Amino acid sequence: MTAVTYLEAISQAIREEMRRDESVFLLGEDVGTYGGAFKVSAGFLEEFGPERVIDTPMSETAIIGSAVGAALMGMRPIAEMQYIDFITCGFDQIVNMACKMYWRSGIPLPLVIRGPTGGGTHGGPFHSASPEAWFFHTPGIKVVMPATTYDAKGLLKAAIRDNNPVLYLEHKLLYRLPELREELPAEDYIVPLGKAIIRRYGRHMTILTYGAMVHQCLRAAEQLAAEDGLAVEVVDLRSLTPLDRETIKESVKRTNKVLIVHEDTLTGGVGAELAALLAEELFDYLDGPIMRVAAPDAPYPYAPSLEMAYLPGVERIVAVARQLAAY
Amino acid sequence: MSEAERANLLLQIYYYMRLTRAMEDRTRTLFLQGRIVGGVYTAQGHEATTVGAAMTLRDGDCIVPQHRDLGMHLVRGVSPRAVMCQWLARGNAPTLGRDGQLHIGDMHHGVVPMISMLGESLPVACGVALVMKMRRRSTIVLATCGDGATSTGAFHEALNFAAVQRLPVVFVIENNGYAYSTPTSKQFAIEQLSQRALAYGMPGESVDGNDVLAVMEVVGRAVDHARSGQGPALVECRTFRVRGHSEADKADYVPSALREEWLARDPIRRFEEYLTAQGLLTAESRREIESRVRAVVDDAVAFAEASPLPDPATVGDYVFAPDGPIAIVGEPGATDPRYVNALDTRTGRPFCTMSQVEEAVTRL
Ligand SMILES: Cc1ncc(C[n+]2csc(CCOP(=O)(O)OP(=O)(O)O)c2C)c(N)n1
Ligand SMILES: [Mg+2]
């Protein structure tokens, strides 16, 4: 068996689900003939035909809206955003149409919206978005962000099988990263939505993170172990909605210190909610302030020097972790 | 169609127009009495358009109605009781009191629930039609919007998408002269909204939206076109909003001469005159229809008023649907209770928008 990339894992998940279930189909810009801007759906058109791999006009509202219509009919559409940044063009279809549908009408909406997310690829202000906080805040949609190749496949399969709108945010920096190549199980598997995973155990502090930042945090943890003798636990949330409050709290109860790391901007980010949750529920367990490392409150910049300064990285994580350890 | 069948059908159309008007009149009274809260939108003058357009449909077709389309709901079998429970925000309303107005739907009976963001239902209509096309069905989707909604991006994306994909959708624009206080002269710069069709590569027609038989003919043609697999069609029904935008709007921005002119073209009175001239409507049959309408409305209001209010303890409930298999709507067995979308899983009971769907009543 060969090790596959994170991108190939996504591709496998969609292909296998489309083979397994005729109600699954893919629609988006350039997904058919071209195989997708990043080639996630290369070869799909040949295998599944143009009715299940639909090249759409450049119309995010129509893509997401018609996915909603198809889901109302009991299909399981996967709506691809060419870059996740363009999800704003279909925002209303998500927050008003999709997210409130079951709650209002009792009609389930099994629908996946996915697309290349995140920075580090010199994409500039319109091709680097981490839009999770908007949807994390919105009741009625599940939000997942896989960090590993295994999870990329398992979470996407779970998302496709879920009976609700799911936003699946795949980090495009991870797409072809050689160190993320992994041999995946030959048999069918899912990674359940709403389950975090502890990537590294430690007793001195917990880092809560998700997406590509998981790898930065693991590197920081190694450095802190080597240079400071600190045992840092790294929790990969994997799902933001539903949030695995149990795993988060169980970890923090053991380590008594929390650092939250995300690539998205600081204010009103996912970290703010995590901090509030811990302050409310685990106040007595905390031996230091809840600290955060996130992007500055500014749009995502283009110039490589600015991008480097913008993205949270190992250096900043290590520095803030040391401050926290000193408490 | 025999003479008797035709007479029956015409009286049925008249009944639905009268029922629509009567339901709205009662809704207004309930609003003025403070028993309905929030925005109340009615559609006096639209009855020929909404009833006429819906009369062209068959079983298995789907409507994607908007806020002034009570006539469509009623023709397609939505229960007046459900409508009144919805207006009175009861716990047994189709949205369980989560939402109000005509924001109701039931896919098994081909009604897509609207949201307040006008225009946004049109791409959803495309998705429903896409599935009909995929499943090789001969059913169609009839989606509506106002003149104001034609200025949204969603309208244009939907029409283009439907045309490119050759989807079985009929788009009906209810041009009632105003979008809230905005006259059509500030909304678009073309003569007739059906001209938009040309730009997307679909047929387009405008029709007198206050003439129910003309509406049925023109929408019927569009429906035939969509049903035959030739793709979408656009119809502009030209009518007028003779009341305020909502029941809280005095609409003093509408020139009174203009309003008078349209009041004189009242679609129900026109149809009545036609039926009378044809000898189809007598004083007696008219009284019979009126008493039937009154009984239905009285029953709906009484039922709703006797219905329970939503339980505040459920305020955080129903955000996510449960796990389990989902049926493709319209396939045999799709209402088997093992499917998560067969019943309303929030209540464990059938979706409550429907009484019964009238049988196919198409052409005259
Ligand atoms: C996208 C959107 N913007 C604004 C509103 C607020 N609003 C409610 S009704 C309305 C006018 C709608 O006009 P039109 O589409 O012509 O329908 P009509 O009410 O005349 O039937 C407006 C602006 C809305 N509902 N949706
Ligand atoms: Mg209007």
# chains A, B, ... in the order shown; residues from 1 in each chain; ligands from 1
>>> select_by_dssp(residues="stretch 126-364 of chain B", states="strand (DSSP E)", output="PyMOL selection string")
chain B and resi 141-146+169-175+178-179+182-183+204-208+233-238
>>> select_by_dssp(residues="stretch 27-129 of chain A", states="alpha helix (DSSP H)", output="list in words")
Phe44, Leu45, Glu46, Glu47, Phe48, Glu60, Thr61, Ala62, Ile63, Ile64, Gly65, Ser66, Ala67, Val68, Gly69, Ala70, Ala71, Leu72, Phe91, Asp92, Met101, Tyr102, Trp103, Arg104 and Ser105 of chain A
>>> residues_near_ligand(ligand="ligand 2", cutoff="8 Å", atoms="only C-alpha atoms and all ligand atoms", output="ChimeraX atom specification")
/B:146-149,174-180,184,240-241
>>> interface_residues(of="chain A", to="chain B", cutoff="6 Å", atoms="only C-alpha atoms", output="mmCIF file with N, CA and C atoms, in the first residue's frame")
data_model
loop_
_atom_site.group_PDB
_atom_site.id
_atom_site.type_symbol
_atom_site.label_atom_id
_atom_site.label_comp_id
_atom_site.auth_asym_id
_atom_site.auth_seq_id
_atom_site.Cartn_x
_atom_site.Cartn_y
_atom_site.Cartn_z
ATOM 1 N N SER A 59 -20.753 31.203 -9.673
ATOM 2 C CA SER A 59 -21.926 31.681 -8.945
ATOM 3 C C SER A 59 -22.040 30.965 -7.600
ATOM 4 N N ALA A 62 -25.528 30.407 -6.341
ATOM 5 C CA ALA A 62 -26.221 29.336 -7.068
ATOM 6 C C ALA A 62 -25.649 27.968 -6.698
ATOM 7 N N GLY A 65 -26.843 27.459 -3.057
ATOM 8 C CA GLY A 65 -28.305 27.436 -3.074
ATOM 9 C C GLY A 65 -28.843 26.190 -3.747
ATOM 10 N N SER A 66 -28.255 25.790 -4.854
ATOM 11 C CA SER A 66 -28.789 24.591 -5.497
ATOM 12 C C SER A 66 -28.383 23.338 -4.718
ATOM 13 N N ALA A 67 -27.276 23.411 -4.005
ATOM 14 C CA ALA A 67 -26.951 22.294 -3.105
ATOM 15 C C ALA A 67 -28.013 22.189 -2.009
ATOM 16 N N VAL A 68 -28.471 23.327 -1.516
ATOM 17 C CA VAL A 68 -29.547 23.309 -0.515
ATOM 18 C C VAL A 68 -30.805 22.668 -1.112
ATOM 19 N N GLY A 69 -31.157 23.081 -2.327
ATOM 20 C CA GLY A 69 -32.350 22.534 -2.974
ATOM 21 C C GLY A 69 -32.242 21.030 -3.163
ATOM 22 N N ALA A 70 -31.074 20.583 -3.576
ATOM 23 C CA ALA A 70 -30.880 19.145 -3.780
ATOM 24 C C ALA A 70 -30.937 18.403 -2.447
ATOM 25 N N MET A 73 -34.267 17.654 -1.259
ATOM 26 C CA MET A 73 -34.830 16.503 -1.961
ATOM 27 C C MET A 73 -34.235 15.184 -1.465
ATOM 28 N N GLY A 74 -33.298 15.261 -0.518
ATOM 29 C CA GLY A 74 -32.730 14.045 0.038
ATOM 30 C C GLY A 74 -31.403 13.630 -0.565
ATOM 31 N N TRP A 103 -34.272 23.417 11.793
ATOM 32 C CA TRP A 103 -34.854 24.057 12.988
ATOM 33 C C TRP A 103 -36.230 24.666 12.679
ATOM 34 N N ARG A 104 -36.367 25.256 11.499
ATOM 35 C CA ARG A 104 -37.638 25.891 11.139
ATOM 36 C C ARG A 104 -38.660 24.886 10.640
ATOM 37 N N SER A 105 -38.181 23.971 9.782
ATOM 38 C CA SER A 105 -39.135 23.189 9.000
ATOM 39 C C SER A 105 -39.112 21.700 9.292
ATOM 40 N N GLY A 106 -38.113 21.239 10.021
ATOM 41 C CA GLY A 106 -38.002 19.813 10.272
ATOM 42 C C GLY A 106 -37.428 19.026 9.105
ATOM 43 N N PRO A 108 -34.354 17.811 7.136
ATOM 44 C CA PRO A 108 -32.893 17.744 7.305
ATOM 45 C C PRO A 108 -32.174 18.184 6.029
ATOM 46 N N GLY A 140 -26.498 25.646 13.685
ATOM 47 C CA GLY A 140 -27.110 24.935 12.569
ATOM 48 C C GLY A 140 -26.133 24.424 11.533
#
>>> residues_around(residues="B:Val51", least_positions_apart="2", cutoff="12 Å", atoms="only C-alpha atoms", output="NGL selection string")
:B and (10 or 12-21 or 43 or 45-49 or 53-57 or 63 or 65 or 68-77 or 209-216 or 219 or 267-268 or 361-362)
